[in-house]
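*Asks:* What follows is upload.txt, made up of compact mmCIF, C-alpha atoms and all ligand atoms:
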# COMPACT_ATOMS: atom_id res chain seq x y z
CA MET A 174 94.77 153.57 -82.86
CA PHE A 175 94.82 149.78 -82.79
CA PHE A 176 93.51 149.09 -86.27
CA ASN A 177 95.68 148.35 -89.25
CA LYS A 178 96.01 150.74 -92.16
CA LYS A 179 93.19 149.40 -94.32
CA ARG A 180 90.70 149.58 -91.50
CA ASP A 181 91.77 153.04 -90.45
CA SER A 182 91.12 154.32 -93.94
CA MET A 183 87.67 152.62 -93.95
CA LYS A 184 86.97 154.30 -90.63
CA SER A 185 87.99 157.80 -91.63
CA LYS A 186 85.95 157.65 -94.84
CA SER A 187 82.73 156.93 -92.99
CA SER A 188 83.19 159.44 -90.16
CA PRO A 189 86.22 161.70 -90.09
CA THR A 190 85.38 163.40 -86.78
CA THR A 191 83.98 160.64 -84.54
CA SER A 192 86.56 158.36 -82.98
CA VAL A 193 85.65 154.70 -83.32
CA LYS A 194 86.44 152.61 -80.26
CA THR A 195 88.45 149.42 -80.59
CA PRO A 196 86.13 146.42 -80.20
CA VAL A 197 87.34 143.94 -77.58
CA LEU A 198 85.77 140.57 -76.78
CA PHE A 199 86.43 139.40 -73.21
CA LEU A 200 85.86 135.77 -72.17
CA GLY A 201 86.13 134.93 -68.48
CA ALA A 202 85.35 138.45 -67.23
CA THR A 203 83.99 137.14 -63.93
CA GLY A 204 86.74 134.57 -63.32
CA TYR A 205 89.53 134.49 -60.76
CA VAL A 206 92.06 135.47 -63.41
CA GLY A 207 89.88 137.28 -65.96
CA GLY A 208 88.13 139.47 -63.37
CA SER A 209 91.45 140.84 -62.13
CA VAL A 210 92.61 141.43 -65.71
CA LEU A 211 89.38 143.24 -66.60
CA ALA A 212 89.52 145.35 -63.42
CA ARG A 213 93.07 146.44 -64.33
CA LEU A 214 92.14 147.05 -67.94
CA LEU A 215 89.27 149.30 -66.91
CA GLU A 216 91.74 151.40 -64.87
CA ASN A 217 94.13 151.60 -67.83
CA PRO A 218 94.18 154.95 -69.68
CA ALA A 219 93.62 152.97 -72.90
CA ALA A 220 90.21 151.81 -71.63
CA LYS A 221 88.60 155.00 -72.91
CA SER A 222 89.31 153.94 -76.46
CA LEU A 223 87.98 150.39 -76.02
CA GLU A 224 84.51 148.99 -76.44
CA ILE A 225 84.62 145.86 -74.32
CA THR A 226 82.02 143.13 -74.76
CA ALA A 227 82.02 140.34 -72.18
CA LEU A 228 80.37 136.97 -72.74
CA VAL A 229 78.64 136.06 -69.47
CA ARG A 230 76.44 133.20 -68.41
CA ASP A 231 73.72 135.02 -66.51
CA GLN A 232 71.74 138.22 -66.63
CA GLN A 233 72.54 139.30 -63.08
CA LYS A 234 76.28 139.32 -63.76
CA ALA A 235 75.62 141.03 -67.09
CA SER A 236 73.74 143.88 -65.40
CA LYS A 237 76.51 144.34 -62.83
CA LEU A 238 79.17 144.42 -65.55
CA GLN A 239 77.22 146.98 -67.58
CA ALA A 240 77.54 149.32 -64.60
CA PHE A 241 81.30 149.30 -65.32
CA GLY A 242 80.69 150.40 -68.91
CA VAL A 243 81.20 146.88 -70.26
CA LYS A 244 78.81 145.61 -72.93
CA THR A 245 77.60 142.07 -72.45
CA ALA A 246 76.39 139.11 -74.46
CA ILE A 247 74.58 136.34 -72.63
CA GLY A 248 75.68 132.83 -73.51
CA THR A 249 78.29 130.18 -72.98
CA ILE A 250 81.41 129.14 -74.83
CA GLN A 251 79.42 126.13 -75.97
CA ASP A 252 77.27 128.52 -78.10
CA LEU A 253 79.72 128.22 -80.94
CA LYS A 254 77.78 130.32 -83.47
CA LEU A 255 77.47 133.15 -80.98
CA LEU A 256 81.16 132.94 -80.10
CA GLU A 257 82.19 132.97 -83.76
CA ASP A 258 79.96 135.97 -84.40
CA LEU A 259 81.30 137.88 -81.36
CA ALA A 260 84.91 137.14 -82.34
CA SER A 261 84.28 138.27 -85.93
CA LYS A 262 83.39 141.70 -84.53
CA ALA A 263 86.45 142.04 -82.28
CA HIS A 264 89.85 143.50 -82.99
CA ILE A 265 91.17 142.09 -79.70
CA VAL A 266 90.02 138.90 -77.97
CA PHE A 267 90.98 138.04 -74.40
CA SER A 268 90.29 134.36 -73.80
CA ILE A 269 90.62 133.60 -70.09
CA VAL A 270 88.02 130.93 -69.76
CA ASN A 271 89.09 127.40 -70.65
CA ALA A 272 92.57 126.22 -71.61
CA ASP A 273 91.45 122.75 -72.65
CA ASP A 274 88.38 123.14 -74.85
CA ASP A 275 89.18 122.89 -78.57
CA PRO A 276 85.68 123.64 -79.99
CA HIS A 277 85.39 127.07 -78.38
CA MET A 278 88.86 128.06 -79.62
CA GLN A 279 88.00 126.81 -83.11
CA ALA A 280 84.88 129.03 -83.02
CA ILE A 281 86.91 132.07 -81.89
CA LEU A 282 89.40 131.43 -84.69
CA ARG A 283 86.65 131.10 -87.33
CA GLY A 284 85.40 134.49 -86.16
CA LEU A 285 88.87 136.05 -86.32
CA LYS A 286 89.39 134.66 -89.81
CA LYS A 287 86.21 136.45 -90.92
CA ARG A 288 87.44 139.59 -89.24
CA HIS A 289 90.70 139.34 -91.15
CA ALA A 290 88.82 138.87 -94.42
CA SER A 291 87.15 142.23 -93.80
CA GLY A 292 90.52 144.01 -93.63
CA ASP A 293 91.69 143.81 -90.02
CA LEU A 294 94.55 141.89 -88.42
CA PRO A 295 92.99 140.93 -85.09
CA ILE A 296 94.83 140.12 -81.88
CA LEU A 297 94.18 137.09 -79.68
CA ILE A 298 95.49 136.99 -76.09
CA HIS A 299 94.82 133.46 -74.87
CA THR A 300 95.37 131.96 -71.43
CA SER A 301 97.05 128.58 -71.13
CA GLY A 302 99.13 127.54 -68.10
CA THR A 303 102.57 126.22 -67.21
CA GLY A 304 100.71 122.95 -66.58
CA VAL A 305 101.74 122.20 -70.18
CA PHE A 306 105.13 121.23 -68.69
CA ILE A 307 103.84 119.19 -65.74
CA SER A 308 105.58 115.93 -64.86
CA GLN A 309 104.26 113.52 -62.26
CA ALA A 310 106.43 112.88 -59.21
CA ASN A 311 103.84 111.83 -56.63
CA GLY A 312 105.58 114.33 -54.37
CA MET A 313 108.68 112.17 -54.10
CA PHE A 314 111.36 114.21 -55.89
CA ALA A 315 112.25 117.62 -57.27
CA SER A 316 112.96 117.68 -60.99
CA ASN A 317 115.89 119.66 -62.40
CA ASP A 318 114.02 120.52 -65.62
CA VAL A 319 113.44 124.22 -66.23
CA TYR A 320 111.35 125.41 -69.19
CA ASP A 321 112.08 128.79 -70.71
CA ASP A 322 109.26 130.83 -72.29
CA SER A 323 111.76 132.47 -74.67
CA LYS A 324 112.62 129.08 -76.22
CA PRO A 325 109.90 128.02 -78.68
CA GLU A 326 111.55 124.60 -78.95
CA HIS A 327 110.58 123.87 -75.32
CA PHE A 328 106.91 124.23 -76.30
CA GLU A 329 107.26 122.47 -79.63
CA ALA A 330 108.80 119.41 -77.96
CA LEU A 331 105.58 118.89 -76.00
CA PRO A 332 103.26 116.06 -77.03
CA HIS A 333 99.83 117.01 -78.42
CA GLU A 334 98.35 115.23 -75.36
CA ALA A 335 100.08 117.52 -72.82
CA LEU A 336 97.70 119.57 -70.69
CA HIS A 337 96.38 122.67 -72.57
CA ARG A 338 98.55 121.84 -75.57
CA SER A 339 95.86 121.11 -78.17
CA VAL A 340 94.28 124.57 -77.70
CA ASP A 341 97.71 126.25 -77.75
CA GLU A 342 98.49 124.47 -81.03
CA LEU A 343 95.29 125.85 -82.60
CA VAL A 344 96.22 129.37 -81.47
CA VAL A 345 99.78 129.19 -82.83
CA ALA A 346 98.52 127.71 -86.13
CA ALA A 347 96.18 130.70 -86.61
CA ASP A 348 99.12 133.08 -86.24
CA LYS A 349 101.16 131.01 -88.69
CA GLU A 350 98.31 131.18 -91.22
CA GLY A 351 98.47 134.94 -90.82
CA TYR A 352 94.87 135.90 -90.03
CA ALA A 353 95.53 136.87 -86.40
CA LYS A 354 98.44 137.86 -84.18
CA THR A 355 98.41 135.52 -81.23
CA TYR A 356 99.89 135.71 -77.75
CA ILE A 357 99.61 133.03 -75.07
CA VAL A 358 99.92 133.77 -71.35
CA LEU A 359 100.93 130.77 -69.22
CA PRO A 360 100.53 131.48 -65.52
CA SER A 361 101.97 129.01 -63.01
CA THR A 362 100.31 128.48 -59.60
CA ILE A 363 98.29 131.65 -59.17
CA TYR A 364 97.54 132.42 -55.54
CA GLY A 365 95.98 135.08 -53.37
CA ILE A 366 92.50 136.42 -52.86
CA PRO A 367 91.93 139.34 -55.23
CA SER A 368 90.44 142.62 -54.10
CA ASN A 369 89.38 145.10 -56.77
CA ALA A 370 86.33 146.90 -58.13
CA LEU A 371 84.84 143.68 -59.53
CA THR A 372 85.30 141.65 -56.34
CA LYS A 373 83.74 144.51 -54.38
CA ALA A 374 80.72 144.33 -56.69
CA GLY A 375 80.50 140.59 -55.94
CA LEU A 376 81.18 139.84 -59.61
CA GLN A 377 84.41 137.89 -59.59
CA HIS A 378 85.42 134.43 -58.41
CA THR A 379 88.00 134.89 -55.67
CA SER A 380 89.39 131.39 -55.37
CA SER A 381 92.26 129.86 -57.34
CA ILE A 382 92.90 126.16 -57.91
CA GLN A 383 95.87 124.43 -56.29
CA VAL A 384 96.46 126.17 -52.94
CA PRO A 385 92.69 126.31 -52.15
CA ALA A 386 92.35 122.60 -53.02
CA LEU A 387 95.21 121.68 -50.68
CA THR A 388 93.76 123.95 -48.00
CA LYS A 389 90.28 122.38 -48.19
CA ALA A 390 91.74 118.87 -48.15
CA SER A 391 93.87 119.71 -45.10
CA ILE A 392 90.88 121.18 -43.27
CA GLY A 393 88.76 118.18 -44.28
CA ARG A 394 91.19 115.72 -42.67
CA GLY A 395 91.99 118.00 -39.73
CA GLN A 396 95.70 118.17 -40.51
CA GLY A 397 97.97 120.07 -42.93
CA GLY A 398 98.85 117.65 -45.71
CA ILE A 399 101.43 116.94 -48.40
CA VAL A 400 101.53 114.55 -51.32
CA GLY A 401 104.37 112.04 -50.87
CA LYS A 402 107.31 113.90 -49.32
CA GLY A 403 106.12 117.25 -50.67
CA ALA A 404 109.40 117.37 -52.58
CA ALA A 405 108.06 118.38 -56.00
CA LEU A 406 108.53 121.95 -57.22
CA TRP A 407 106.28 124.51 -58.94
CA ASN A 408 106.43 128.22 -59.67
CA HIS A 409 104.20 130.78 -58.02
CA VAL A 410 102.71 134.04 -59.26
CA SER A 411 100.30 136.26 -57.36
CA ASN A 412 96.86 137.09 -58.77
CA ASP A 413 97.93 140.77 -58.92
CA ASP A 414 101.16 140.08 -60.77
CA THR A 415 99.28 137.83 -63.20
CA ALA A 416 96.80 140.60 -64.03
CA GLU A 417 99.73 142.97 -64.46
CA LEU A 418 101.34 140.60 -66.98
CA PHE A 419 98.20 140.66 -69.15
CA VAL A 420 98.07 144.46 -69.03
CA VAL A 421 101.80 144.89 -69.81
CA LEU A 422 101.30 142.53 -72.76
CA PHE A 423 98.15 144.36 -73.88
CA ASP A 424 99.95 147.72 -73.75
CA ALA A 425 102.91 146.36 -75.70
CA VAL A 426 100.92 144.64 -78.46
CA THR A 427 98.60 147.61 -79.01
CA LYS A 428 101.44 150.14 -79.39
CA PRO A 429 101.91 151.42 -82.92
CA GLY A 430 104.74 149.47 -84.54
CA ASN A 431 104.24 146.54 -82.18
CA THR A 432 107.28 144.24 -82.38
CA VAL A 433 106.31 141.84 -79.59
CA PRO A 434 107.06 138.24 -80.61
CA HIS A 435 103.84 136.40 -81.50
CA GLY A 436 102.69 132.98 -82.67
CA ARG A 437 105.25 130.26 -81.86
CA GLU A 438 107.37 132.88 -80.07
CA GLY A 439 104.47 134.61 -78.36
CA MET A 440 104.60 132.61 -75.12
CA PHE A 441 104.55 134.52 -71.82
CA VAL A 442 104.99 132.58 -68.59
CA GLY A 443 103.86 134.05 -65.25
CA GLU A 444 106.22 133.09 -62.43
CA ASN A 445 108.20 134.82 -59.73
CA GLY A 446 110.18 131.98 -58.20
CA THR A 447 109.70 128.40 -57.08
CA PHE A 448 108.28 126.66 -54.04
CA SER A 449 108.01 123.04 -52.92
CA TRP A 450 104.67 121.53 -51.96
CA TYR A 451 106.23 120.85 -48.57
CA ASP A 452 106.57 124.65 -48.13
CA ILE A 453 102.80 125.05 -48.56
CA GLY A 454 101.93 121.95 -46.51
CA LYS A 455 104.18 123.11 -43.67
CA GLU A 456 102.55 126.56 -43.58
CA LEU A 457 99.08 125.01 -43.75
CA ALA A 458 99.91 122.67 -40.88
CA ARG A 459 101.30 125.53 -38.81
CA VAL A 460 98.27 127.81 -39.33
CA LEU A 461 95.71 125.01 -38.85
CA HIS A 462 97.45 123.84 -35.66
CA GLU A 463 97.47 127.40 -34.35
CA LYS A 464 93.73 127.65 -35.05
CA GLY A 465 93.02 124.35 -33.28
CA VAL A 466 91.96 122.67 -36.55
CA GLY A 467 95.12 120.64 -37.17
CA GLN A 468 96.66 118.11 -34.82
CA SER A 469 100.31 118.89 -35.53
CA PRO A 470 102.33 121.83 -36.91
CA GLU A 471 104.18 119.31 -39.11
CA PRO A 472 102.42 118.25 -42.32
CA THR A 473 101.68 114.58 -42.89
CA THR A 474 101.30 112.62 -46.13
CA PHE A 475 97.83 112.15 -47.64
CA SER A 476 96.83 108.49 -47.91
CA SER A 477 95.52 107.14 -51.24
CA GLU A 478 92.00 107.19 -49.76
CA GLU A 479 92.37 110.84 -48.76
CA LEU A 480 93.61 111.81 -52.23
CA GLU A 481 90.53 110.11 -53.71
CA LYS A 482 88.21 111.69 -51.17
CA PHE A 483 89.49 115.27 -51.31
CA PHE A 484 90.83 115.62 -54.87
CA GLY A 485 88.49 113.28 -56.74
CA SER A 486 91.24 110.75 -57.55
CA GLU A 487 94.76 109.80 -56.58
CA PHE A 488 95.93 110.92 -60.02
CA VAL A 489 94.41 114.42 -59.67
CA GLY A 490 95.77 114.83 -56.11
CA ASN A 491 99.24 113.92 -57.34
CA LEU A 492 98.88 116.32 -60.26
CA ILE A 493 97.65 119.26 -58.19
CA ALA A 494 100.09 119.03 -55.29
CA GLY A 495 102.65 116.35 -56.11
CA SER A 496 103.91 117.21 -59.61
CA ASN A 497 106.93 119.17 -60.83
CA CYS A 498 106.57 122.17 -63.10
CA VAL A 499 109.34 124.77 -63.14
CA CYS A 500 109.66 127.51 -65.74
CA ILE A 501 111.47 130.77 -66.20
CA ALA A 502 109.62 133.82 -67.50
CA ASN A 503 112.41 135.36 -69.58
CA ARG A 504 110.12 136.54 -72.37
CA SER A 505 107.57 138.03 -69.97
CA ARG A 506 110.32 139.95 -68.17
CA ALA A 507 111.75 141.11 -71.52
CA LEU A 508 108.38 142.82 -72.11
CA GLY A 509 109.00 144.92 -69.02
CA TRP A 510 106.83 142.85 -66.65
CA ARG A 511 108.19 143.15 -63.09
CA PRO A 512 106.33 140.85 -60.71
CA LYS A 513 106.42 142.17 -57.13
CA HIS A 514 105.34 139.27 -54.99
CA THR A 515 107.85 136.69 -53.79
CA LYS A 516 107.65 133.33 -52.04
CA ASP A 517 107.19 135.05 -48.65
CA HIS A 518 103.99 136.60 -50.00
CA LEU A 519 102.82 133.17 -51.22
CA LEU A 520 103.39 131.65 -47.77
CA ALA A 521 101.73 134.60 -46.03
CA SER A 522 98.68 134.10 -48.29
CA VAL A 523 98.06 130.65 -46.79
CA ARG A 524 96.50 132.15 -43.66
CA ALA A 525 93.89 134.06 -45.70
CA GLU A 526 93.12 130.89 -47.69
CA VAL A 527 92.58 128.97 -44.45
CA GLU A 528 90.36 131.70 -43.03
CA ALA A 529 88.29 131.90 -46.24
CA ALA A 530 87.89 128.12 -46.34
CA LEU A 531 86.94 127.92 -42.65
CA LYS A 532 84.25 130.59 -43.21
CA GLN A 533 82.69 128.40 -45.90
N1 LIG A 601 93.88 129.81 -61.36
C1 LIG A 601 95.08 129.37 -61.72
O1 LIG A 601 95.97 129.09 -60.87
C2 LIG A 601 95.40 129.21 -63.19
C3 LIG A 601 96.74 129.00 -63.54
C4 LIG A 601 97.06 128.84 -64.87
C5 LIG A 601 96.09 128.88 -65.84
N2 LIG A 601 94.78 129.09 -65.48
C6 LIG A 601 93.77 129.11 -66.55
O2 LIG A 601 93.12 130.36 -66.60
C7 LIG A 601 91.78 130.18 -67.08
C8 LIG A 601 90.82 130.85 -66.11
O3 LIG A 601 91.00 130.24 -64.84
P1 LIG A 601 90.30 130.83 -63.53
O4 LIG A 601 91.07 130.31 -62.37
O5 LIG A 601 90.10 132.28 -63.68
O6 LIG A 601 88.89 130.10 -63.57
P2 LIG A 601 87.49 130.56 -62.96
O7 LIG A 601 87.67 131.40 -61.76
O8 LIG A 601 86.68 129.32 -62.84
O9 LIG A 601 86.87 131.50 -64.10
C9 LIG A 601 86.32 130.99 -65.28
C10 LIG A 601 85.64 132.11 -66.02
O10 LIG A 601 85.08 131.58 -67.23
C11 LIG A 601 83.65 131.67 -67.17
N3 LIG A 601 83.09 130.43 -67.72
C12 LIG A 601 83.28 129.17 -67.26
N4 LIG A 601 82.64 128.29 -68.06
C13 LIG A 601 82.03 129.02 -69.03
C14 LIG A 601 81.24 128.69 -70.14
N5 LIG A 601 80.90 127.42 -70.40
N6 LIG A 601 80.77 129.67 -70.93
C15 LIG A 601 81.09 130.97 -70.66
N7 LIG A 601 81.86 131.36 -69.63
C16 LIG A 601 82.33 130.38 -68.82
C17 LIG A 601 83.29 131.84 -65.70
O11 LIG A 601 82.03 132.49 -65.62
P3 LIG A 601 80.99 132.29 -64.40
O12 LIG A 601 81.12 133.53 -63.57
O13 LIG A 601 79.68 132.18 -65.06
O14 LIG A 601 81.40 131.06 -63.65
C18 LIG A 601 84.45 132.72 -65.27
O15 LIG A 601 84.26 134.04 -65.75
C19 LIG A 601 91.54 128.67 -67.18
O16 LIG A 601 91.72 128.26 -68.51
C20 LIG A 601 92.66 128.09 -66.32
O17 LIG A 601 93.06 126.80 -66.73
C21 LIG A 601 94.42 129.27 -64.18
Please rewrite the model in this file as structure tokens.
*Replies:*
Amino acid sequence: MFFNKKRDSMKSKSSPTTSVKTPVLFLGATGYVGGSVLARLLENPAAKSLEITALVRDQQKASKLQAFGVKTAIGTIQDLKLLEDLASKAHIVFSIVNADDDPHMQAILRGLKKRHASGDLPILIHTSGTGVFISQANGMFASNDVYDDSKPEHFEALPHEALHRSVDELVVAADKEGYAKTYIVLPSTIYGIPSNALTKAGLQHTSSIQVPALTKASIGRGQGGIVGKGAALWNHVSNDDTAELFVVLFDAVTKPGNTVPHGREGMFVGENGTFSWYDIGKELARVLHEKGVGQSPEPTTFSSEELEKFFGSEFVGNLIAGSNCVCIANRSRALGWRPKHTKDHLLASVRAEVEAALKQ
């Protein structure tokens, strides 16, 4: 049902009675984001008509994934020939693995170009991040800038050097050339510890990036922390709502007569509101104080030395928990995506992050 006309006719000539499954390549199947997307996809009624192949790095994970009916290829995204070959056999590619690595995306696109030459118009669903819009504030101020995913000009005004941008440019260029339909999902700060069939099988990473980093740093110094005044703003989106966005997008782009905007217009932000880094630092300080790990229920500012020690550098610490990045997901909502989890859910998730980090 997902193939274009030419391919459908090729299919029916060779075997009129057997239904051929749609080949899907999945990158990042065991990741914090990708695992939740795959778990949802496997529950989707459409899963029966898909033949999903996941690229995984080790045999143990491959065997576990096979138990879910997922085919596997062992390798890394640095195996460019393998990646090109796998992509050339896929009608749909989910890339949820690395938003900043040009060579692997170039290999995927070479594969999709071959696929197109054989009569298909493949689909690429790539994962970037709202980090493309990041601006440094060292935690000192809240920016008034708001980026809208339904305005291509907001993306096109970005410099090539912006985070994730070079890969996004490659993806959009492929759509413009016409050999693939491309869609880019840009989640904001994803939070929450996922629980699904893959996590229960011990297959999926369960830790995100920013909130866990701030949590570990706060535990490390024995006090809930903020960068600068904690004044900078980001958006939040739960892990569940993020997975839902991918599935809503997948359903929409695989419907016959798909009219979902793609290429330069195919940008889908994941956000359900804003928070300040003070909000997170305050909740961290409160929970850590209650648990006897933090000295005060009020967060205090990380010193330069602490940023270096806990985040690797002052620059990275400022980027992770002291930058501004506010977007509005108008295009994602226009698809019918209805995120459920609000800022209260984000703040409530801090306790679980603390407990998970303390266990480690
Ligand atoms: N988490 C967030 O808040 C967030 C927000 C916006 C955008 N994103 C983007 O979403 C993407 C996925 O992020 P994530 O948080 O899910 O990361 P993650 O938990 O580290 O997952 C990465 C996935 O990619 C696989 N992988 C890593 N390196 C690989 C390689 N060289 N070859 C093959 N597979 C490899 C991992 O497999 P293993 O099981 O072998 O490690 C895992 O399945 C990234 O591009 C990230 O920038 C994340």
*Asks:* Within 8 Å of (78.1, 141.7, -75.7) in the file's own coordinates, which protein, DNA or RNA residues have an atom, counting all atoms listed in the file? List them as a list in words.
*Replies:* Leu198, Ile225, Thr226, Ala227, Leu228, Lys244, Thr245, Ala246, Ile247 and Leu259 of chain A
*Asks:* Throw together the list of residues within 6 Å of ligand LIG 601 (chain A), counting all atoms listed in the file, and drop it here as a PyMOL selection string.
*Replies:* chain A and resi 201-207+229-230+249-251+269-272+300-302+360-363+378+381-382
*Asks:* Excluding same-chain residues fewer than 2 positions from Glu334 of chain A, what lies within 12 Å of it counting all atoms listed in the file, as number ranges by chain?
*Replies:* A: 273, 304-307, 330-332, 336-342
*Asks:* Set the distance at 9 Å and use all atoms listed in the file: which residues neighbour Phe314 of chain A once local chain neighbours fewer than 2 positions away are removed? I'd like the list as a list in words.
*Replies:*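 Answer for this query is Ala310, Asn311, Gly312, Ser316, Gly401, Lys402, Gly403, Ala404, Ala405, Leu406, Gly495, Ser496 and Asn497 of chain A.
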*Asks:* Around (109.0, 125.7, -60.0) in the file's frame, which residues reach within 7 Å when counting only C-alpha atoms? Return as a list in words?
*Replies:*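 Answer for this query, in the requested form: Leu406, Trp407, Asn408, Gly446, Thr447, Phe448, Asn497, Cys498, Val499 and Cys500 of chain A.
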*Asks:* Have a look at A:Pro434, A:Gly292, A:Pro470, A:Gln377 and name the one nearest to Asp348 of chain A; count all atoms listed in the file.
*Replies:*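 Among A:Pro434, A:Gly292, A:Pro470, A:Gln377, it is A:Pro434 that comes nearest to Asp348 of chain A.
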*Asks:* Which of these, A:Tyr451, A:Trp510, A:Phe488, A:Phe483, has the shortest distance to Glu471 of chain A once you count only C-alpha atoms?
*Replies:*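 Smallest separation from Glu471 of chain A among the options: A:Tyr451.
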